[in-house]
>>> print(open('protein_18.cif').read())   # mmCIF, C-alpha atoms
data_start
#
loop_
_atom_site.label_atom_id
_atom_site.label_comp_id
_atom_site.auth_asym_id
_atom_site.auth_seq_id
_atom_site.Cartn_x
_atom_site.Cartn_y
_atom_site.Cartn_z
CA MET A 1 -17.12 23.04 -5.53
CA ASP A 2 -20.02 20.64 -5.98
CA LEU A 3 -20.03 17.55 -3.81
CA LEU A 4 -20.46 15.07 -6.65
CA GLY A 5 -17.48 16.40 -8.59
CA HIS A 6 -15.18 15.52 -5.70
CA TYR A 7 -16.83 12.27 -4.60
CA ASN A 8 -13.78 10.16 -5.53
CA TYR A 9 -11.45 12.39 -3.58
CA TYR A 10 -13.64 12.21 -0.45
CA VAL A 11 -13.65 8.41 -0.66
CA VAL A 12 -9.85 8.54 -0.92
CA VAL A 13 -9.59 10.68 2.21
CA VAL A 14 -11.88 8.36 4.19
CA LEU A 15 -9.93 5.25 3.13
CA MET A 16 -6.65 6.98 3.90
CA MET A 17 -7.80 7.88 7.41
CA ILE A 18 -9.00 4.30 8.08
CA GLY A 19 -5.53 3.06 7.14
CA PHE A 20 -3.86 5.78 9.22
CA TYR A 21 -5.97 4.83 12.25
CA ALA A 22 -4.97 1.18 11.84
CA VAL A 23 -1.29 2.13 11.73
CA ILE A 24 -1.30 4.25 14.89
CA ALA A 25 -3.99 2.59 17.03
CA ARG A 26 -3.35 -1.12 16.43
CA GLY A 27 -0.58 -2.88 18.33
CA ASN A 28 -0.29 -5.92 16.10
CA MET A 29 2.43 -5.54 13.49
CA ALA A 30 0.68 -7.55 10.78
CA LYS A 31 -2.35 -5.31 11.28
CA LYS A 32 -0.17 -2.20 11.13
CA ILE A 33 1.23 -3.31 7.78
CA MET A 34 -2.29 -3.95 6.47
CA GLY A 35 -3.17 -0.41 7.54
CA LEU A 36 -0.13 0.87 5.69
CA ASN A 37 -1.33 -0.96 2.57
CA LEU A 38 -4.81 0.57 2.94
CA PHE A 39 -3.21 4.00 3.11
CA GLN A 40 -1.18 3.20 0.00
CA THR A 41 -4.16 1.98 -2.01
CA SER A 42 -6.06 5.17 -1.24
CA ALA A 43 -3.16 7.18 -2.69
CA PHE A 44 -3.27 4.96 -5.79
CA ILE A 45 -7.00 5.68 -6.21
CA LEU A 46 -6.30 9.41 -5.88
CA PHE A 47 -3.76 9.35 -8.73
CA ILE A 48 -5.86 7.15 -11.02
CA SER A 49 -8.88 9.40 -10.39
CA ALA A 50 -6.84 12.43 -11.40
CA GLY A 51 -5.92 10.76 -14.71
CA LYS A 52 -9.49 9.80 -15.65
CA ILE A 53 -11.32 11.77 -18.34
CA LEU A 54 -15.08 11.24 -18.38
CA GLY A 55 -15.97 9.50 -21.65
CA GLY A 56 -12.32 8.54 -22.17
CA ALA A 57 -10.96 5.07 -22.83
CA THR A 58 -8.12 2.86 -21.57
CA PRO A 59 -4.89 4.28 -23.06
CA ILE A 60 -4.31 1.56 -25.64
CA LEU A 61 -4.41 2.93 -29.19
CA ARG A 62 -7.18 1.50 -31.37
CA ASP A 63 -9.54 2.58 -34.07
CA GLY A 64 -12.71 4.48 -33.29
CA VAL A 65 -11.54 5.95 -29.98
CA GLU A 66 -10.96 9.69 -29.78
CA VAL A 67 -10.38 10.41 -26.08
CA TYR A 68 -7.93 8.42 -23.96
CA SER A 69 -7.44 8.79 -20.23
CA ASN A 70 -4.08 10.10 -19.09
CA PRO A 71 -1.52 7.22 -19.21
CA LEU A 72 1.08 8.89 -16.98
CA PRO A 73 -0.61 8.33 -13.58
CA HIS A 74 -1.12 4.71 -14.59
CA VAL A 75 2.62 4.23 -15.13
CA LEU A 76 3.41 5.94 -11.85
CA ILE A 77 0.97 3.76 -9.91
CA LEU A 78 2.16 0.55 -11.58
CA THR A 79 5.60 1.33 -10.20
CA ALA A 80 4.15 2.30 -6.81
CA ILE A 81 2.20 -0.97 -6.44
CA VAL A 82 5.32 -3.05 -7.05
CA VAL A 83 7.45 -0.95 -4.71
CA GLY A 84 4.63 -1.19 -2.14
CA VAL A 85 4.87 -4.96 -2.19
CA ALA A 86 8.63 -4.70 -1.67
CA THR A 87 8.15 -2.55 1.45
CA THR A 88 5.41 -4.90 2.69
CA ALA A 89 7.79 -7.83 2.30
CA VAL A 90 10.56 -6.10 4.28
CA GLY A 91 8.10 -5.03 7.00
CA LEU A 92 6.71 -8.53 7.37
CA ALA A 93 10.23 -10.00 7.43
CA LEU A 94 11.05 -7.64 10.31
CA ALA A 95 7.88 -8.79 12.07
CA VAL A 96 8.90 -12.45 11.63
CA ARG A 97 12.35 -11.70 13.02
CA ILE A 98 10.89 -9.86 16.03
CA ASN A 99 8.51 -12.75 16.61
CA GLU A 100 11.46 -15.17 16.68
CA ALA A 101 13.51 -13.03 19.04
CA TYR A 102 10.74 -12.05 21.50
CA GLY A 103 7.90 -14.50 20.81
CA SER A 104 5.32 -11.86 19.93
CA ILE A 105 4.43 -9.21 17.36
CA GLU A 106 2.21 -7.23 19.75
CA ASP A 107 3.41 -3.77 20.77
CA ASP A 108 2.26 -3.96 24.41
CA LEU A 109 3.71 -7.44 25.01
CA LEU A 110 7.04 -6.29 23.54
CA THR A 111 7.03 -3.31 25.91
CA GLU A 112 6.52 -5.71 28.84
CA VAL A 113 9.46 -7.85 27.68
CA GLU A 114 11.62 -4.75 27.42
CA ASP A 115 10.64 -3.53 30.90
CA ALA A 116 11.40 -6.98 32.36
CA ASP A 117 14.84 -6.90 30.73
CA GLU A 118 15.57 -3.51 32.25
CA ASP A 119 14.46 -4.75 35.69
CA ASP A 120 16.85 -7.71 35.38
CA GLU A 121 19.71 -5.40 34.59
CA GLY A 122 18.80 -3.24 37.59
CA THR A 123 18.93 -6.18 40.04
CA ALA A 124 22.10 -7.76 38.60
CA MET B 1 -16.91 -0.93 4.39
CA VAL B 2 -14.50 -3.77 3.74
CA ALA B 3 -11.67 -1.52 4.90
CA VAL B 4 -13.43 -0.99 8.24
CA ALA B 5 -13.88 -4.75 8.58
CA VAL B 6 -10.17 -5.29 7.93
CA VAL B 7 -9.23 -2.98 10.78
CA ALA B 8 -11.98 -4.19 13.12
CA SER B 9 -11.56 -7.96 12.85
CA ARG B 10 -9.30 -9.45 15.50
CA ASP B 11 -8.81 -12.72 13.67
CA LEU B 12 -5.80 -11.91 11.52
CA PHE B 13 -6.62 -14.71 9.08
CA SER B 14 -10.01 -13.25 8.23
CA ALA B 15 -8.41 -9.78 8.12
CA ALA B 16 -5.98 -11.06 5.48
CA MET B 17 -8.85 -12.54 3.45
CA LEU B 18 -10.85 -9.31 3.74
CA PHE B 19 -7.80 -7.40 2.60
CA ALA B 20 -7.62 -9.56 -0.52
CA ILE B 21 -11.29 -8.75 -1.20
CA TYR B 22 -10.53 -5.06 -0.71
CA SER B 23 -7.67 -5.31 -3.23
CA LEU B 24 -9.91 -6.99 -5.79
CA LEU B 25 -12.57 -4.31 -5.31
CA SER B 26 -10.01 -1.56 -5.84
CA ALA B 27 -8.81 -3.41 -8.97
CA ALA B 28 -12.40 -3.30 -10.24
CA LEU B 29 -12.47 0.42 -9.47
CA PHE B 30 -9.27 0.87 -11.51
CA VAL B 31 -10.97 -0.82 -14.49
CA VAL B 32 -13.86 1.63 -14.19
CA LEU B 33 -11.33 4.48 -14.13
CA ASP B 34 -9.77 3.28 -17.43
CA ALA B 35 -6.57 1.91 -15.85
CA GLY B 36 -6.50 -1.65 -17.17
CA ASP B 37 -2.80 -2.25 -16.58
CA VAL B 38 -3.00 -0.96 -13.02
CA ALA B 39 -6.03 -3.17 -12.34
CA LEU B 40 -4.15 -6.25 -13.54
CA THR B 41 -1.16 -5.44 -11.34
CA GLU B 42 -3.30 -4.68 -8.31
CA ALA B 43 -5.25 -7.93 -8.68
CA ALA B 44 -2.10 -10.01 -9.10
CA VAL B 45 0.16 -8.23 -6.63
CA GLY B 46 -2.19 -6.64 -4.07
CA ALA B 47 -4.69 -9.47 -3.83
CA GLY B 48 -2.24 -12.29 -4.57
CA ILE B 49 1.30 -11.75 -3.35
CA SER B 50 0.49 -9.49 -0.38
CA THR B 51 -2.06 -11.99 0.93
CA ILE B 52 0.44 -14.84 0.61
CA LEU B 53 3.07 -12.81 2.48
CA VAL B 54 0.67 -11.98 5.32
CA LEU B 55 -0.46 -15.60 5.54
CA ALA B 56 3.17 -16.73 5.68
CA VAL B 57 3.73 -14.43 8.66
CA LEU B 58 0.56 -15.68 10.37
CA ALA B 59 1.79 -19.24 9.96
CA LEU B 60 4.80 -18.26 12.12
CA ALA B 61 3.16 -15.82 14.54
CA LYS B 62 -0.06 -16.00 16.54
CA ARG B 63 -3.27 -16.01 14.56
CA TYR B 64 -5.34 -13.87 16.93
CA GLU B 65 -4.64 -10.27 17.64
CA HIS B 66 -4.20 -9.20 21.25
CA PRO B 67 -7.43 -7.57 22.47
CA VAL B 68 -7.27 -3.79 22.38
CA LYS B 69 -9.46 -1.05 23.74
CA ALA B 70 -12.45 -0.59 21.44
CA LEU B 71 -11.47 2.97 20.59
CA ASN B 72 -8.14 4.67 20.94
CA LEU B 73 -9.27 8.25 21.56
CA PRO B 74 -5.97 10.15 20.98
CA ALA B 75 -5.45 8.23 17.75
CA LEU B 76 -9.04 8.91 16.71
CA ALA B 77 -8.55 12.62 17.39
CA VAL B 78 -5.36 12.76 15.30
CA VAL B 79 -7.06 10.89 12.46
CA THR B 80 -10.13 13.13 12.57
CA VAL B 81 -8.08 16.34 12.48
CA THR B 82 -5.91 15.07 9.62
CA GLY B 83 -8.99 13.91 7.74
CA ALA B 84 -10.68 17.29 8.18
CA CYS B 85 -7.56 19.06 6.83
CA LEU B 86 -7.52 16.72 3.82
CA PHE B 87 -11.24 17.29 3.17
CA TRP B 88 -10.56 21.01 3.18
CA ALA B 89 -7.60 20.55 0.81
CA VAL B 90 -9.63 18.31 -1.52
CA SER B 91 -12.13 21.12 -2.14
CA ASP B 92 -9.32 22.96 -3.99
CA LEU B 93 -8.82 20.11 -6.48
CA PRO B 94 -10.32 20.47 -9.95
CA ASP B 95 -13.52 18.59 -10.75
CA PHE B 96 -13.22 14.85 -11.34
CA GLY B 97 -12.99 13.72 -14.96
CA ALA B 98 -12.93 17.07 -16.75
CA ALA B 99 -10.80 17.05 -19.93
CA ASP B 100 -9.33 20.51 -19.27
CA ASN B 101 -7.86 19.69 -15.84
CA PRO B 102 -4.22 20.82 -15.48
CA VAL B 103 -3.06 17.18 -15.28
CA GLN B 104 -4.51 16.48 -18.75
CA THR B 105 -3.13 19.54 -20.53
CA HIS B 106 0.58 19.51 -19.65
CA VAL B 107 2.63 16.66 -21.18
CA ALA B 108 -0.05 13.97 -21.39
CA PRO B 109 -1.24 14.93 -24.92
CA TYR B 110 2.29 14.41 -26.23
CA TYR B 111 2.35 10.81 -25.00
CA VAL B 112 -1.18 10.15 -26.27
CA ASN B 113 -0.44 11.54 -29.74
CA GLU B 114 3.19 10.57 -30.33
CA THR B 115 3.64 7.19 -28.62
CA TYR B 116 2.81 5.20 -31.72
CA ASN B 117 5.09 7.31 -33.96
CA ASP B 118 7.98 7.11 -31.47
CA MET B 119 7.73 3.54 -30.25
CA GLY B 120 5.44 1.63 -32.60
CA ILE B 121 3.40 -0.08 -29.88
CA PRO B 122 -0.23 0.77 -29.12
CA ASN B 123 -0.14 0.40 -25.32
CA MET B 124 0.88 3.80 -23.98
CA VAL B 125 1.35 2.62 -20.41
CA ALA B 126 3.82 -0.06 -21.48
CA ALA B 127 5.58 2.38 -23.83
CA VAL B 128 6.10 4.97 -21.11
CA LEU B 129 7.12 2.38 -18.53
CA ALA B 130 9.60 0.46 -20.65
CA SER B 131 10.81 2.99 -23.22
CA TYR B 132 10.42 6.65 -22.29
CA ARG B 133 11.07 6.04 -18.59
CA SER B 134 13.09 2.86 -18.78
CA ILE B 135 15.88 4.23 -16.56
CA ASP B 136 13.29 4.88 -13.83
CA THR B 137 11.98 1.36 -14.22
CA PHE B 138 15.55 0.13 -13.83
CA GLY B 139 15.66 2.12 -10.57
CA GLU B 140 12.48 0.35 -9.51
CA VAL B 141 14.16 -2.99 -10.16
CA ILE B 142 17.06 -1.88 -7.95
CA VAL B 143 14.60 -1.00 -5.17
CA ILE B 144 13.03 -4.46 -5.39
CA PHE B 145 16.46 -6.10 -5.43
CA THR B 146 17.41 -4.14 -2.31
CA ALA B 147 14.17 -5.20 -0.62
CA GLY B 148 14.90 -8.81 -1.54
CA LEU B 149 18.40 -8.49 -0.07
CA GLY B 150 16.90 -6.99 3.10
CA VAL B 151 14.43 -9.84 3.52
CA PHE B 152 17.20 -12.35 2.86
CA ALA B 153 19.53 -10.71 5.39
CA LEU B 154 16.78 -10.70 8.03
CA LEU B 155 15.70 -14.29 7.55
CA SER B 156 18.81 -16.11 6.30
CA VAL B 157 20.17 -17.09 9.74
CA PRO B 158 18.52 -20.39 10.69
CA PRO B 159 16.08 -20.01 13.63
CA LYS B 160 17.91 -22.38 16.00
CA ARG B 161 21.20 -20.51 15.84
CA ARG B 162 19.39 -17.22 16.34
CA ARG B 163 17.69 -18.47 19.49
CA ARG B 164 20.96 -19.82 20.93
CA ARG B 165 22.65 -16.53 20.31
CA SER B 166 19.95 -14.60 22.14
CA ARG B 167 20.37 -17.03 25.09
CA GLU B 168 24.11 -16.38 25.15
CA ASP B 169 23.34 -12.68 25.23
CA ASP B 170 21.19 -13.28 28.31
CA GLN B 171 24.06 -14.99 30.14
#
>>> encode(input="protein_18.cif", output="structure tokens")
Amino acid sequence: MDLLGHYNYYVVVVLMMIGFYAVIARGNMAKKIMGLNLFQTSAFILFISAGKILGGATPILRDGVEVYSNPLPHVLILTAIVVGVATTAVGLALAVRINEAYGSIEDDLLTEVEDADEDDEGTA
Amino acid sequence: MVAVAVVASRDLFSAAMLFAIYSLLSAALFVVLDAGDVALTEAAVGAGISTILVLAVLALAKRYEHPVKALNLPALAVVTVTGACLFWAVSDLPDFGAADNPVQTHVAPYYVNETYNDMGIPNMVAAVLASYRSIDTFGEVIVIFTAGLGVFALLSVPPKRRRRRSREDDQ
């Protein structure tokens, strides 16, 4: 239960919460996606930390090395990074499309546009 | 610290640059944690491609973020409560870096000991990714292909036609 033994995990939690805050508190869509990426990276650090063995080496076989870190989290996170970029690309493409249709990627401005549309329908 | 700066800065261009720095720092951290392959991917993909994508969006949208209230209190409360729960959960995790952690004693020794006999290549990460779990990697390729199709479907209509159509909808 010592503090030092869990230092990596505490850093992960702090990073994750910074990203989470960016996603829910920021209105700008590009900023939201950056927050999502922050959140993602913190999860990556969590997995890689779990696979590390103190005194171990990068899992590439070579002479004179006895202890290797766990290669399985590395594989998992390699996949996750690439999939993360795919989701980022789709999210940003949606943001571009919204920007073209409504002229903004800000949440509050979009809400105003929507309200104005509803008012128009009410008068017509 | 860099992460805080990313969220705090209103200039989206500098936020994108700071995010690239953050990605490089986390790549350095992955090297320290013995994950060379992951560090390479993070540096190339996180710092490179993601930054280019964000910059491409900023070229089309406004560069400066709309001013927001300095602190969003409900959001801060939610984040604090979630963070406290996670801190509590983290205290149940085994100590960092010990060789007898459950994650190190299940199937990992098999891959460490037998990869060279099974596959004949020294890089275990590549062996697991491309040989043992190649079907999963194929699934990953399908995910990326789907994402590419999605981006294409969203952006393939030329902007002028899209705008005219939205005007017709108005009338």
>>> residues_around(input="protein_18.cif", residues="range 23-36 of chain A", least_positions_apart="6", cutoff="6 Å", atoms="only C-alpha atoms", output="list in words")
Ile105, Glu106 and Asp107 of chain A; Ala75 of chain B
>>> closest_residue(input="protein_18.cif", among="A:Ile53, A:Val96, A:Ala116, A:Val85", to="Gly48 in chain B", atoms="only C-alpha atoms")
A:Val85
>>> residues_near_point(input="protein_18.cif", point="(-7.5, -9.9, -7.2)", cutoff="12 Å", atoms="all atoms listed in the file", output="list in words")
Met17, Leu18, Phe19, Ala20, Ile21, Tyr22, Ser23, Leu24, Leu25, Ser26, Ala27, Ala28, Leu29, Phe30, Val38, Ala39, Leu40, Thr41, Glu42, Ala43, Ala44, Val45, Gly46, Ala47, Gly48, Ile49, Ser50 and Thr51 of chain B
>>> closest_residue(input="protein_18.cif", among="B:Ile52, B:Tyr111, B:Ala153, B:Phe13", to="Leu129 in chain B", atoms="all atoms listed in the file")
B:Tyr111
>>> closest_residue(input="protein_18.cif", among="B:Val143, B:Ala98, B:Val112, B:Leu155", to="Ile60 in chain A", atoms="only C-alpha atoms")
B:Val112
>>> atom_distance(input="protein_18.cif", atom1="CA of Ala127 in chain B", atom2="CA of Ala108 in chain B")
13.1 Å
>>> build_atoms(input="protein_18.cif", residues="range 53-70 of chain A", atoms="N, CA and C atoms", output="PDB file, in the frame of the given file")
ATOM      1  N   ILE A  53     -10.506  10.779 -17.627  1.00  0.00           N
ATOM      2  CA  ILE A  53     -11.320  11.770 -18.340  1.00  0.00           C
ATOM      3  C   ILE A  53     -12.677  11.126 -18.574  1.00  0.00           C
ATOM      4  N   LEU A  54     -13.748  11.808 -18.184  1.00  0.00           N
ATOM      5  CA  LEU A  54     -15.080  11.240 -18.380  1.00  0.00           C
ATOM      6  C   LEU A  54     -15.311  11.026 -19.865  1.00  0.00           C
ATOM      7  N   GLY A  55     -15.770   9.818 -20.240  1.00  0.00           N
ATOM      8  CA  GLY A  55     -15.970   9.500 -21.650  1.00  0.00           C
ATOM      9  C   GLY A  55     -14.697   9.042 -22.330  1.00  0.00           C
ATOM     10  N   GLY A  56     -13.580   8.989 -21.585  1.00  0.00           N
ATOM     11  CA  GLY A  56     -12.320   8.540 -22.170  1.00  0.00           C
ATOM     12  C   GLY A  56     -12.241   7.031 -22.182  1.00  0.00           C
ATOM     13  N   ALA A  57     -11.127   6.514 -22.736  1.00  0.00           N
ATOM     14  CA  ALA A  57     -10.960   5.070 -22.830  1.00  0.00           C
ATOM     15  C   ALA A  57      -9.598   4.691 -22.276  1.00  0.00           C
ATOM     16  N   THR A  58      -9.418   3.378 -22.012  1.00  0.00           N
ATOM     17  CA  THR A  58      -8.120   2.860 -21.570  1.00  0.00           C
ATOM     18  C   THR A  58      -7.043   3.268 -22.568  1.00  0.00           C
ATOM     19  N   PRO A  59      -5.883   3.745 -22.112  1.00  0.00           N
ATOM     20  CA  PRO A  59      -4.890   4.280 -23.060  1.00  0.00           C
ATOM     21  C   PRO A  59      -4.157   3.205 -23.855  1.00  0.00           C
ATOM     22  N   ILE A  60      -4.906   2.477 -24.659  1.00  0.00           N
ATOM     23  CA  ILE A  60      -4.310   1.560 -25.640  1.00  0.00           C
ATOM     24  C   ILE A  60      -4.853   1.974 -26.993  1.00  0.00           C
ATOM     25  N   LEU A  61      -3.964   2.360 -27.909  1.00  0.00           N
ATOM     26  CA  LEU A  61      -4.410   2.930 -29.190  1.00  0.00           C
ATOM     27  C   LEU A  61      -5.225   1.925 -29.984  1.00  0.00           C
ATOM     28  N   ARG A  62      -6.373   2.348 -30.485  1.00  0.00           N
ATOM     29  CA  ARG A  62      -7.180   1.500 -31.370  1.00  0.00           C
ATOM     30  C   ARG A  62      -8.110   2.393 -32.168  1.00  0.00           C
ATOM     31  N   ASP A  63      -8.681   1.803 -33.199  1.00  0.00           N
ATOM     32  CA  ASP A  63      -9.540   2.580 -34.070  1.00  0.00           C
ATOM     33  C   ASP A  63     -10.848   2.945 -33.376  1.00  0.00           C
ATOM     34  N   GLY A  64     -11.395   4.086 -33.762  1.00  0.00           N
ATOM     35  CA  GLY A  64     -12.710   4.480 -33.290  1.00  0.00           C
ATOM     36  C   GLY A  64     -12.733   5.076 -31.905  1.00  0.00           C
ATOM     37  N   VAL A  65     -11.567   5.329 -31.297  1.00  0.00           N
ATOM     38  CA  VAL A  65     -11.540   5.950 -29.980  1.00  0.00           C
ATOM     39  C   VAL A  65     -10.845   7.298 -30.112  1.00  0.00           C
ATOM     40  N   GLU A  66     -11.519   8.341 -29.642  1.00  0.00           N
ATOM     41  CA  GLU A  66     -10.960   9.690 -29.780  1.00  0.00           C
ATOM     42  C   GLU A  66     -10.257  10.134 -28.494  1.00  0.00           C
ATOM     43  N   VAL A  67     -10.901   9.886 -27.343  1.00  0.00           N
ATOM     44  CA  VAL A  67     -10.380  10.410 -26.080  1.00  0.00           C
ATOM     45  C   VAL A  67      -9.805   9.265 -25.253  1.00  0.00           C
ATOM     46  N   TYR A  68      -8.538   9.403 -24.844  1.00  0.00           N
ATOM     47  CA  TYR A  68      -7.930   8.420 -23.960  1.00  0.00           C
ATOM     48  C   TYR A  68      -7.700   9.060 -22.605  1.00  0.00           C
ATOM     49  N   SER A  69      -7.813   8.262 -21.540  1.00  0.00           N
ATOM     50  CA  SER A  69      -7.440   8.790 -20.230  1.00  0.00           C
ATOM     51  C   SER A  69      -5.928   8.952 -20.177  1.00  0.00           C
ATOM     52  N   ASN A  70      -5.484   9.741 -19.199  1.00  0.00           N
ATOM     53  CA  ASN A  70      -4.080  10.100 -19.090  1.00  0.00           C
ATOM     54  C   ASN A  70      -3.238   8.863 -18.715  1.00  0.00           C
TER      55      ASN A  70
END
